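**Q** One structure coming up, written as structure tokens, with questions to follow.
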2 protein chains.
Amino acid sequence: MAIKRYQLLADKLSAMIREGSLLAGDKLPSVRQASRQFSVSPSTVFKAYYQLEDRGLIRARQRSGYYVSENIGTVLPEPSRSKPQLVSSEVSINELVFSVLDSIRATATVPLGTAFPSHELFPMDQLSNSLAKANRSAKFIDTAVNVAPGYKALRRMIAVRYRTVGIDVAADDVIITNGAMEGLTLALQAVTQPGDTVAIESPGFYAALQTIERLHLKAIEIPMHPQDGADLDALTQMLKSQQIKACWLMSNFQNPLGSSMPEANKQSLVSLLSHYDIPLIEDDVYGELYFGKHYPAPLKTYDKKGLVIHCSSFSKTLAPTYRVGWTLAGRYYEKIRRAKLMTTLSTALPVQMALADYLNRGSYDKHLRKLRQLLEDQQRQMAASIAEHFPAGTKVSRPQGGYFLWVEFPSGVDALSLYKLALERDILIAPGPIFSVNGDYQHCIRLNYGQPMGRVAEAVKVIGELAHGLL
Amino acid sequence: MAIKRYQLLADKLSAMIREGSLLAGDKLPSVRQASRQFSVSPSTVFKAYYQLEDRGLIRARQRSGYYVSENIGTVLPEPSRSKPQLVSSEVSINELVFSVLDSIRATATVPLGTAFPSHELFPMDQLSNSLAKANRSAKFIDTAVNVAPGYKALRRMIAVRYRTVGIDVAADDVIITNGAMEGLTLALQAVTQPGDTVAIESPGFYAALQTIERLHLKAIEIPMHPQDGADLDALTQMLKSQQIKACWLMSNFQNPLGSSMPEANKQSLVSLLSHYDIPLIEDDVYGELYFGKHYPAPLKTYDKKGLVIHCSSFSKTLAPTYRVGWTLAGRYYEKIRRAKLMTTLSTALPVQMALADYLNRGSYDKHLRKLRQLLEDQQRQMAASIAEHFPAGTKVSRPQGGYFLWVEFPSGVDALSLYKLALERDILIAPGPIFSVNGDYQHCIRLNYGQPMGRVAEAVKVIGELAHGLL
């Protein structure tokens with residue numbers, strides 16, 4: 001799909017602002033200068049500037065030109081590297097996780113603590129057209145066509161998307177699942193026996209912890225850098241001293257930290273685990289929500305031995321209520337396909353057909369482009385709000401994609417107390433301890449900026465007030 | 001919903017034929033006699049007789065009146081009581097199960113070996129209207145509303161159906177699952193630890209065996225009566241001598257045997273297990289497909305201590321491709337709801353909404369009525385065909401509902417050889433050994449009569465020829 005010139009220019013400038021080449025208050029080149037500098041027409045420059053102004057990134061000053069907005073500059077420091085205990089532990093499901101999950105069902109709440117995006121972010125009308133079409137044809141199709149690995153036209157469209165970014169995937173490599181969660185669960189079950197130890201991130205996605213507990217496994221936590229993700233030196237040491245049976249990671253826009261592994265680290269990680277023949281379960285549900293120029297390569301790209309089980313879904317990017325995900329299972333394909341047959345048999349056919357039709361219409365990339373820009377802007381707004389209202393000493397992550405900000409308060413602010421106080425004010429936040437085996441991150445919270453920002457600004461202010469009160 | 005008079009009369013007469021009060025060749029009362037005898041108008045009698053004639057149950061002889069069809073009488077003897085080894089065994093998943101499951105994806109095959117009904121049995125146009133309506137409203141609904149236990153309007157409609165037949169169920173007792181299979185799997189996982197022993201039926205649903213293997217459990221097999229199902233004396237002995245942690249059963253139209261437990265046995269079973277505090281997982285997916293007058297009470301009806309986990313779905317009765325089932329989990333409700341949250345989070349919303357709308361329109365019972373009658377007729381046709389074409393000494397089950405006939409050949413016919421030969425002729429049958437821990441039932445096969453009968457009659461004839469050839 002051709003991207004418009006002005007959009008390319010706007011992207012370039014917003015990347016410069018994001019990466020700090022243009023700072024708050026900096027003057028942008030005049031339209032004539034920019035037209036020469038970027039070899040585009042003046043009207044293209046105008047359109048790009050208008051969009052950046054709309055997005056709050058730049059501001060026009062009368063008779064003086066365009067300047068980078070002032071509040072762009074208020075960036076808080078990032079959280080520090082995590083220091084989990086490097087021992088294998090039994091996991092005990094935290095009641096808190098369920099209380100957080102259950103709170104989201106109270107629709108009056110401002111859901112900053114969920115991992116769900118708002119439906120307002122998604123192309124519901126177009127999806128609805130595709131579902132209507134699927135509905136007309138679904139009635140002639142028997143269940144048999146639909147059993148695992150899933151509806152072929154959808155598997156084909158998914159494979160095409162990977163091939164477009166240079167990852168060699170065929171329709172027959174894809175297993176359709178009920179959201180990425182089902183794939184992740186089946187994957188972990190496929191590569192472990194009860195009692196085994198699994199390496200996970202810390203802080204990490206609580207569902208990984210819960211799955212480990214359900215399958216009677218043990219967890220060992222990998223320290224995390226706020227920007228680069230998993231600490232490979234620490235993992236290397238762990239592999240030498242411990243018997244680790246599997247690794248479960250998010251290399252792109254990790255939940256909750258927002259970290260993304262540099263390409264070199266991704267390669268090293270895959271080759272390190274491959275050396276020990278350890279399967280690597282990759283959760284890539286936020287991968288497509290990058291603010292940079294390209295889809296950051298998933299770990300699967302570097303998988304030579306079929307050890308990477310790559311799980312993703314449409315739940316964070318397109319159709320949360322459809323519950324459709326997929327797994328590229330490498331050498332575990334047959335085992336996982338069979339496990340899917342044995343547990344849920346197949347995924348609802350009408351929604352699979354609707355997604356195949358939607359992808360075939362070719363407007364998914366356009367939607368994603370819009371969504372990424374919106375999320376980038378909302379992240380910036382929320383970060384600015386946090387800088388304004390949260391206590392001095394607060395640190396906050398700077399993810400280059402995804403939905404989440406990870407906030408580290410000064411040590412006086414207890415995340416659980418804050419969680420309870422906020423809930424009394426109808427605001428849901430995700431307290432740090434649910435992202436750890438041992439209840440760490442007691443001063444941290446995760447906030448979701450993938451919600452309509454109207455009520456969010458006010459909610460962030462309230463959280464700030466409550467945090468001040470706890471100090 | 002009011003049932004027409006002639007339909008009531010036709011049902012009464014067909015039950016008399018099914019139960020043997022009217023035998024093949026018996027003369028039916030004349031229209032005038034019947035009108036007096038059943039207190040209905042002559043035209044009602046005419047309509048009932050026409051319907052029975054259409055269904056092949058009775059035949060008009062010129063100037064002589066109506067007679068019960070001759071081929072009704074060709075009923076083969078039933079298979080004998082099963083005799084599994086009464087020891088706890090590790091389960092090893094049979095490659096055969098997957099080869100059977102995978103063969104159904106070859107659409108050229110006559111799928112007599114599957115557990116799937118044909119889509120032609122279902123009200124696809126009406127479902128399609130409901131899905132269209134769901135599609136129009138689904139876009140305004142956030143994921144949060146849909147997380148486990150599932151879409152409330154659907155849970156409410158399911159609860160109402162149970163209450164209509166006198167079973168006390170509220171919307172908040174229902175957990176929506178991805179087909180009954182997900183509920184069964186989550187249930188077994190909720191009540192066991194790796195290494196535990198689970199009592200199952202023999203022959204029994206292969207998915208139970210597979211789930212037991214996946215969860216690192218052991219199985220002990222309960223002997224089965226061809227009509228009354230689980231042998232409670234044997235189970236009582238097993239409970240005395242073995243440590244059994246859970247029981248997984250189908251009390252209505254058991255798969256593959258077609259047996260149904262008498263009400264007294266159901267009560268005894270529930271109270272027996274309740275005495276030992278053992279959870280009872282009930283798979284009731286065929287319960288609504290009864291040929292008799294009423295929905296046969298599920299085991300859940302007799303559950304006083306919340307020990308029965310009742311699992312069912314719409315996959316066998318209404319919408320196979322939607323993959324929507326439900327679980328009434330008793331005291332395990334919270335554990336299973338949480339497990340659902342952790343594994344697949346929720347079931348696709350549009351299909352849940354479509355089913356809620358369809359149930360609300362009130363034509364489900366009418367559809368079920370038609371479906372039951374069709375299945376009863378198709379069972380009779382297939383049984384007659386088997387009697388005509390299969391070798392002397394063949395035995396066949398006489399289920400009072402569901403989709404399956406269980407056929408026991410004379411010992412010269414090896415089911416696996418027959419399975420392979422039939423597949424070469426594009427006919428899929430389910431060989432007996434997939435229904436047992438130890439590869440028993442080597443002379444048995446399961447046939448599905450829930451398929452359009454056109455190609456089926458010919459296929460049954462071919463199976464008969466192949467079986468003769470093996471002798």
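Lettering and numbering for the structure tokens are positional, with chains as A, B, ... in the shown order, residues counted from 1 in each chain, and ligands counted from 1 in the shown order.
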Tell me the residues of chain B close to chain A, meaning within 8 Å using only C-alpha atoms, as number ranges by chain.
**A** B: 98, 104-105, 107, 116, 118-119, 124-125, 128, 131-132, 135-136, 139-147, 178-179, 181-182, 185, 194, 207, 210-211, 320-324, 338, 342-351
**Q** Go through segment 113-309 of chain A and collect every residue that DSSP, computed from the backbone, puts in helix (DSSP H, G or I); the answer should be as a ChimeraX atom specification.
**A** /A:119-121,124-138,143-146,152-164,171-173,179-191,206-214,232-241,263-276,299-302
**Q** Only C-alpha atoms, please: the residues just picked out, written as a PDB file, in the first residue's frame.
**A**
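Printed below is out.pdb as written:
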```
ATOM      1  CA  HIS A 119     -13.132  -1.072  21.041  1.00  0.00           C
ATOM      2  CA  GLU A 120     -13.074   2.524  19.849  1.00  0.00           C
ATOM      3  CA  LEU A 121      -9.560   1.911  18.547  1.00  0.00           C
ATOM      4  CA  MET A 124     -15.544  -2.160  13.830  1.00  0.00           C
ATOM      5  CA  ASP A 125     -17.609  -1.209  10.768  1.00  0.00           C
ATOM      6  CA  GLN A 126     -15.260  -2.888   8.347  1.00  0.00           C
ATOM      7  CA  LEU A 127     -14.964  -5.946  10.550  1.00  0.00           C
ATOM      8  CA  SER A 128     -18.709  -6.035  10.711  1.00  0.00           C
ATOM      9  CA  ASN A 129     -18.912  -6.094   6.906  1.00  0.00           C
ATOM     10  CA  SER A 130     -16.474  -8.975   6.845  1.00  0.00           C
ATOM     11  CA  LEU A 131     -18.415 -10.868   9.502  1.00  0.00           C
ATOM     12  CA  ALA A 132     -21.618 -10.330   7.527  1.00  0.00           C
ATOM     13  CA  LYS A 133     -19.949 -11.837   4.478  1.00  0.00           C
ATOM     14  CA  ALA A 134     -18.565 -14.719   6.529  1.00  0.00           C
ATOM     15  CA  ASN A 135     -22.027 -15.263   7.929  1.00  0.00           C
ATOM     16  CA  ARG A 136     -23.467 -15.687   4.444  1.00  0.00           C
ATOM     17  CA  SER A 137     -20.946 -18.354   3.474  1.00  0.00           C
ATOM     18  CA  ALA A 138     -20.386 -20.070   6.833  1.00  0.00           C
ATOM     19  CA  THR A 143     -17.081 -28.471  11.155  1.00  0.00           C
ATOM     20  CA  ALA A 144     -14.550 -30.834   9.687  1.00  0.00           C
ATOM     21  CA  VAL A 145     -13.054 -28.084   7.504  1.00  0.00           C
ATOM     22  CA  ASN A 146     -12.476 -26.020  10.582  1.00  0.00           C
ATOM     23  CA  LYS A 152      -7.099 -22.325   5.685  1.00  0.00           C
ATOM     24  CA  ALA A 153      -7.794 -18.940   4.072  1.00  0.00           C
ATOM     25  CA  LEU A 154      -7.009 -17.253   7.376  1.00  0.00           C
ATOM     26  CA  ARG A 155      -3.828 -19.255   7.874  1.00  0.00           C
ATOM     27  CA  ARG A 156      -2.790 -18.236   4.371  1.00  0.00           C
ATOM     28  CA  MET A 157      -3.377 -14.512   5.028  1.00  0.00           C
ATOM     29  CA  ILE A 158      -1.364 -14.708   8.253  1.00  0.00           C
ATOM     30  CA  ALA A 159       1.515 -16.452   6.488  1.00  0.00           C
ATOM     31  CA  VAL A 160       1.504 -13.793   3.762  1.00  0.00           C
ATOM     32  CA  ARG A 161       1.892 -11.056   6.353  1.00  0.00           C
ATOM     33  CA  TYR A 162       5.030 -12.713   7.754  1.00  0.00           C
ATOM     34  CA  ARG A 163       6.473 -13.287   4.314  1.00  0.00           C
ATOM     35  CA  THR A 164       5.939  -9.604   3.484  1.00  0.00           C
ATOM     36  CA  ALA A 171      -0.084 -21.476   5.736  1.00  0.00           C
ATOM     37  CA  ASP A 172       0.674 -24.968   6.995  1.00  0.00           C
ATOM     38  CA  ASP A 173       3.010 -23.622   9.684  1.00  0.00           C
ATOM     39  CA  GLY A 179      -6.311 -15.802  21.288  1.00  0.00           C
ATOM     40  CA  ALA A 180      -2.554 -15.952  21.859  1.00  0.00           C
ATOM     41  CA  MET A 181      -3.221 -17.195  25.415  1.00  0.00           C
ATOM     42  CA  GLU A 182      -4.364 -20.597  24.221  1.00  0.00           C
ATOM     43  CA  GLY A 183      -1.254 -20.968  22.056  1.00  0.00           C
ATOM     44  CA  LEU A 184       1.029 -19.965  24.923  1.00  0.00           C
ATOM     45  CA  THR A 185      -0.641 -22.408  27.311  1.00  0.00           C
ATOM     46  CA  LEU A 186      -0.546 -25.295  24.838  1.00  0.00           C
ATOM     47  CA  ALA A 187       3.074 -24.479  24.013  1.00  0.00           C
ATOM     48  CA  LEU A 188       4.204 -24.526  27.624  1.00  0.00           C
ATOM     49  CA  GLN A 189       2.333 -27.763  28.205  1.00  0.00           C
ATOM     50  CA  ALA A 190       3.902 -29.301  25.097  1.00  0.00           C
ATOM     51  CA  VAL A 191       7.492 -28.694  26.190  1.00  0.00           C
ATOM     52  CA  TYR A 206       1.087 -12.505  35.153  1.00  0.00           C
ATOM     53  CA  ALA A 207      -0.618 -15.049  32.893  1.00  0.00           C
ATOM     54  CA  ALA A 208       2.763 -16.740  32.413  1.00  0.00           C
ATOM     55  CA  LEU A 209       3.038 -17.105  36.186  1.00  0.00           C
ATOM     56  CA  GLN A 210      -0.492 -18.449  36.427  1.00  0.00           C
ATOM     57  CA  THR A 211       0.065 -20.973  33.658  1.00  0.00           C
ATOM     58  CA  ILE A 212       3.255 -22.141  35.327  1.00  0.00           C
ATOM     59  CA  GLU A 213       1.341 -22.718  38.532  1.00  0.00           C
ATOM     60  CA  ARG A 214      -1.536 -24.524  36.809  1.00  0.00           C
ATOM     61  CA  LEU A 232      21.320 -12.116  28.626  1.00  0.00           C
ATOM     62  CA  ASP A 233      24.380 -12.251  30.883  1.00  0.00           C
ATOM     63  CA  ALA A 234      22.165 -13.177  33.796  1.00  0.00           C
ATOM     64  CA  LEU A 235      20.313 -15.750  31.662  1.00  0.00           C
ATOM     65  CA  THR A 236      23.631 -17.250  30.538  1.00  0.00           C
ATOM     66  CA  GLN A 237      24.624 -17.721  34.175  1.00  0.00           C
ATOM     67  CA  MET A 238      21.230 -19.214  35.020  1.00  0.00           C
ATOM     68  CA  LEU A 239      21.548 -21.737  32.203  1.00  0.00           C
ATOM     69  CA  LYS A 240      24.917 -22.846  33.522  1.00  0.00           C
ATOM     70  CA  SER A 241      23.751 -23.431  37.049  1.00  0.00           C
ATOM     71  CA  GLU A 263      18.229  -7.190  17.162  1.00  0.00           C
ATOM     72  CA  ALA A 264      21.674  -8.389  18.253  1.00  0.00           C
ATOM     73  CA  ASN A 265      20.255  -9.489  21.613  1.00  0.00           C
ATOM     74  CA  LYS A 266      17.445 -11.352  19.900  1.00  0.00           C
ATOM     75  CA  GLN A 267      19.940 -13.266  17.805  1.00  0.00           C
ATOM     76  CA  SER A 268      22.128 -14.008  20.821  1.00  0.00           C
ATOM     77  CA  LEU A 269      19.154 -15.180  22.850  1.00  0.00           C
ATOM     78  CA  VAL A 270      17.925 -17.588  20.177  1.00  0.00           C
ATOM     79  CA  SER A 271      21.400 -18.983  19.642  1.00  0.00           C
ATOM     80  CA  LEU A 272      22.065 -19.259  23.394  1.00  0.00           C
ATOM     81  CA  LEU A 273      18.907 -21.299  23.987  1.00  0.00           C
ATOM     82  CA  SER A 274      19.472 -23.267  20.819  1.00  0.00           C
ATOM     83  CA  HIS A 275      22.889 -24.243  22.185  1.00  0.00           C
ATOM     84  CA  TYR A 276      21.129 -25.859  25.159  1.00  0.00           C
ATOM     85  CA  LEU A 299      12.670 -14.023  17.878  1.00  0.00           C
ATOM     86  CA  LYS A 300      11.171 -16.497  15.399  1.00  0.00           C
ATOM     87  CA  THR A 301      13.143 -14.752  12.616  1.00  0.00           C
ATOM     88  CA  TYR A 302      16.382 -16.142  14.019  1.00  0.00           C
TER      89      TYR A 302
END
```
**Q** As a ChimeraX atom specification, which residues of segment 236-396 of chain A does DSSP assign to strand (DSSP E or B)?
**A** /A:246-249,280-283,290,308-313,325-328,395-396
**Q** A:Tyr364, A:Phe435, A:Tyr441, A:Phe291: which is nearest Gln378 of chain A, counting only C-alpha atoms?
**A**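 Ranked by minimum distance to Gln378 of chain A, first place goes to A:Phe291.
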**Q** Neighbouring residues of segment 1-14 of chain B were defined as those with any atom within 6 Å, considering only C-alpha atoms; residues of the same chain fewer than 6 positions away were excluded. Please report them as a ChimeraX atom specification.
**A** /B:44,47-48
**Q** Need to verify the contact set: segment 59-68 of chain B, 12 Å, only C-alpha atoms, exclusion of same-chain residues closer than 3 positions in sequence. Can you return it as a PDB file with C-alpha atoms, in the first residue's frame?
**A**
```
ATOM      1  CA  LEU B  13     -47.186 -44.527  17.922  1.00  0.00           C
ATOM      2  CA  SER B  14     -43.499 -44.275  17.050  1.00  0.00           C
ATOM      3  CA  MET B  16     -44.799 -47.949  20.713  1.00  0.00           C
ATOM      4  CA  ILE B  17     -42.921 -49.204  17.660  1.00  0.00           C
ATOM      5  CA  ARG B  18     -39.537 -48.314  19.139  1.00  0.00           C
ATOM      6  CA  GLY B  20     -41.755 -53.104  20.775  1.00  0.00           C
ATOM      7  CA  SER B  21     -45.440 -52.751  21.767  1.00  0.00           C
ATOM      8  CA  LEU B  22     -46.098 -52.666  18.045  1.00  0.00           C
ATOM      9  CA  LEU B  23     -44.072 -55.208  16.083  1.00  0.00           C
ATOM     10  CA  ALA B  24     -43.079 -55.388  12.408  1.00  0.00           C
ATOM     11  CA  GLY B  25     -46.114 -56.459  10.360  1.00  0.00           C
ATOM     12  CA  ASP B  26     -48.642 -55.509  13.058  1.00  0.00           C
ATOM     13  CA  LYS B  27     -51.774 -53.846  11.738  1.00  0.00           C
ATOM     14  CA  LEU B  28     -52.499 -50.356  13.062  1.00  0.00           C
ATOM     15  CA  PRO B  29     -56.029 -49.469  14.165  1.00  0.00           C
ATOM     16  CA  SER B  30     -58.231 -48.066  11.370  1.00  0.00           C
ATOM     17  CA  VAL B  31     -58.634 -44.327  11.208  1.00  0.00           C
ATOM     18  CA  ARG B  32     -62.081 -44.569  12.813  1.00  0.00           C
ATOM     19  CA  GLN B  33     -60.845 -46.863  15.603  1.00  0.00           C
ATOM     20  CA  ALA B  34     -57.796 -44.702  16.275  1.00  0.00           C
ATOM     21  CA  VAL B  45     -55.168 -39.589  12.687  1.00  0.00           C
ATOM     22  CA  PHE B  46     -54.668 -39.212   8.940  1.00  0.00           C
ATOM     23  CA  ALA B  48     -50.176 -38.756  12.032  1.00  0.00           C
ATOM     24  CA  TYR B  49     -50.303 -41.827   9.773  1.00  0.00           C
ATOM     25  CA  TYR B  50     -49.015 -39.800   6.810  1.00  0.00           C
ATOM     26  CA  GLN B  51     -46.066 -38.642   8.871  1.00  0.00           C
ATOM     27  CA  LEU B  52     -45.263 -42.165  10.101  1.00  0.00           C
ATOM     28  CA  GLU B  53     -45.483 -43.392   6.514  1.00  0.00           C
ATOM     29  CA  ASP B  54     -43.120 -40.621   5.386  1.00  0.00           C
ATOM     30  CA  ARG B  55     -40.697 -41.677   8.072  1.00  0.00           C
ATOM     31  CA  GLY B  56     -40.809 -45.284   6.889  1.00  0.00           C
ATOM     32  CA  ASN B  71     -37.760 -53.949   8.182  1.00  0.00           C
ATOM     33  CA  ILE B  72     -38.477 -52.429  11.586  1.00  0.00           C
ATOM     34  CA  GLY B  73     -38.271 -55.909  12.956  1.00  0.00           C
TER      35      GLY B  73
END
```
**Q** Any idea what's packed within 12 Å of Val456 of chain A, counting only C-alpha atoms, ignoring anything in its chain fewer than 4 positions away? Could you give it as an MDAnalysis selection string?
**A** chainID A and resid 109:113 378:379 381:383 385:386 426:429 447:452 460:463
**Q** Write out, as a tab-separated table (two decimals), in the first residue's frame, the residues just selected, with N, CA and C atoms.
**A**
```tsv
chain	number	residue	atom	x	y	z
A	109	THR	N	-15.69	1.76	35.72
A	109	THR	CA	-14.30	2.02	36.07
A	109	THR	C	-13.49	2.53	34.87
A	110	VAL	N	-12.55	3.44	35.15
A	110	VAL	CA	-11.58	3.83	34.11
A	110	VAL	C	-10.51	2.74	34.09
A	111	PRO	N	-10.46	1.95	33.03
A	111	PRO	CA	-9.69	0.70	33.07
A	111	PRO	C	-8.23	0.86	32.69
A	112	LEU	N	-7.47	1.60	33.49
A	112	LEU	CA	-6.05	1.79	33.19
A	112	LEU	C	-5.22	0.57	33.59
A	113	GLY	N	-5.85	-0.36	34.30
A	113	GLY	CA	-5.11	-1.52	34.78
A	113	GLY	C	-5.27	-2.74	33.90
A	378	GLN	N	-1.04	9.03	22.46
A	378	GLN	CA	-1.65	8.82	23.78
A	378	GLN	C	-0.59	8.51	24.83
A	379	GLN	N	0.43	7.77	24.42
A	379	GLN	CA	1.52	7.50	25.36
A	379	GLN	C	2.17	8.81	25.80
A	381	GLN	N	0.89	11.81	25.76
A	381	GLN	CA	0.00	12.59	26.63
A	381	GLN	C	0.01	12.04	28.05
A	382	MET	N	-0.05	10.71	28.15
A	382	MET	CA	-0.09	10.13	29.50
A	382	MET	C	1.23	10.38	30.23
A	383	ALA	N	2.35	10.24	29.52
A	383	ALA	CA	3.66	10.46	30.15
A	383	ALA	C	3.76	11.90	30.64
A	385	SER	N	1.29	13.84	31.48
A	385	SER	CA	0.37	13.94	32.61
A	385	SER	C	1.02	13.39	33.88
A	386	ILE	N	1.70	12.28	33.73
A	386	ILE	CA	2.38	11.66	34.87
A	386	ILE	C	3.47	12.60	35.39
A	426	ASP	N	-13.08	4.56	41.40
A	426	ASP	CA	-13.46	3.99	40.09
A	426	ASP	C	-12.35	4.06	39.05
A	427	ILE	N	-11.13	3.90	39.53
A	427	ILE	CA	-10.00	3.87	38.60
A	427	ILE	C	-9.25	2.56	38.84
A	428	LEU	N	-9.05	1.79	37.77
A	428	LEU	CA	-8.33	0.53	37.92
A	428	LEU	C	-6.90	0.69	37.43
A	429	ILE	N	-5.94	0.36	38.29
A	429	ILE	CA	-4.53	0.32	37.87
A	429	ILE	C	-4.02	-1.09	38.15
A	447	LEU	N	0.21	1.14	33.64
A	447	LEU	CA	-0.94	1.90	33.13
A	447	LEU	C	-1.13	1.65	31.64
A	448	ASN	N	-2.38	1.53	31.22
A	448	ASN	CA	-2.74	1.25	29.83
A	448	ASN	C	-3.16	2.56	29.18
A	449	TYR	N	-2.43	2.97	28.13
A	449	TYR	CA	-2.81	4.22	27.45
A	449	TYR	C	-3.63	3.95	26.19
A	450	GLY	N	-4.10	2.72	26.02
A	450	GLY	CA	-4.91	2.37	24.85
A	450	GLY	C	-6.40	2.57	25.10
A	451	GLN	N	-6.74	3.59	25.85
A	451	GLN	CA	-8.13	3.88	26.18
A	451	GLN	C	-8.44	5.29	25.70
A	452	PRO	N	-9.72	5.59	25.46
A	452	PRO	CA	-10.06	6.96	25.06
A	452	PRO	C	-9.53	7.92	26.12
A	460	VAL	N	-5.47	10.10	35.75
A	460	VAL	CA	-4.03	10.16	36.05
A	460	VAL	C	-3.79	11.22	37.14
A	461	LYS	N	-4.53	12.31	37.03
A	461	LYS	CA	-4.41	13.36	38.04
A	461	LYS	C	-4.80	12.82	39.43
A	462	VAL	N	-5.91	12.08	39.46
A	462	VAL	CA	-6.37	11.50	40.73
A	462	VAL	C	-5.33	10.53	41.29
A	463	ILE	N	-4.77	9.68	40.42
A	463	ILE	CA	-3.75	8.73	40.89
A	463	ILE	C	-2.58	9.51	41.50
```
**Q** Take atom CA of Pro226 of chain A and atom CA of Gly432 of chain A and report the distance between them in Å, one decimal.
**A**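 So the two atoms, atom CA of Pro226 of chain A and atom CA of Gly432 of chain A, lie 14.4 Å apart.
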**Q** Give me, as a list in words, all polymer residues having an atom no more than 8 Å from Pro431 of chain A, counting only C-alpha atoms and skipping those fewer than 2 positions away in the same chain.
**A**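 What passes the distance filter is Gly113, Ala415, Leu416, Tyr419, Ile429, Pro433, Ile434, Gln442, Cys444, Ile445 and Arg446 of chain A.
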**Q** Using atom CA of Ala199 of chain B and atom CA of Asp303 of chain B as the two end points, give the distance in Å to one decimal.
**A**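 Between atom CA of Ala199 of chain B and atom CA of Asp303 of chain B the gap works out to 18.3 Å.
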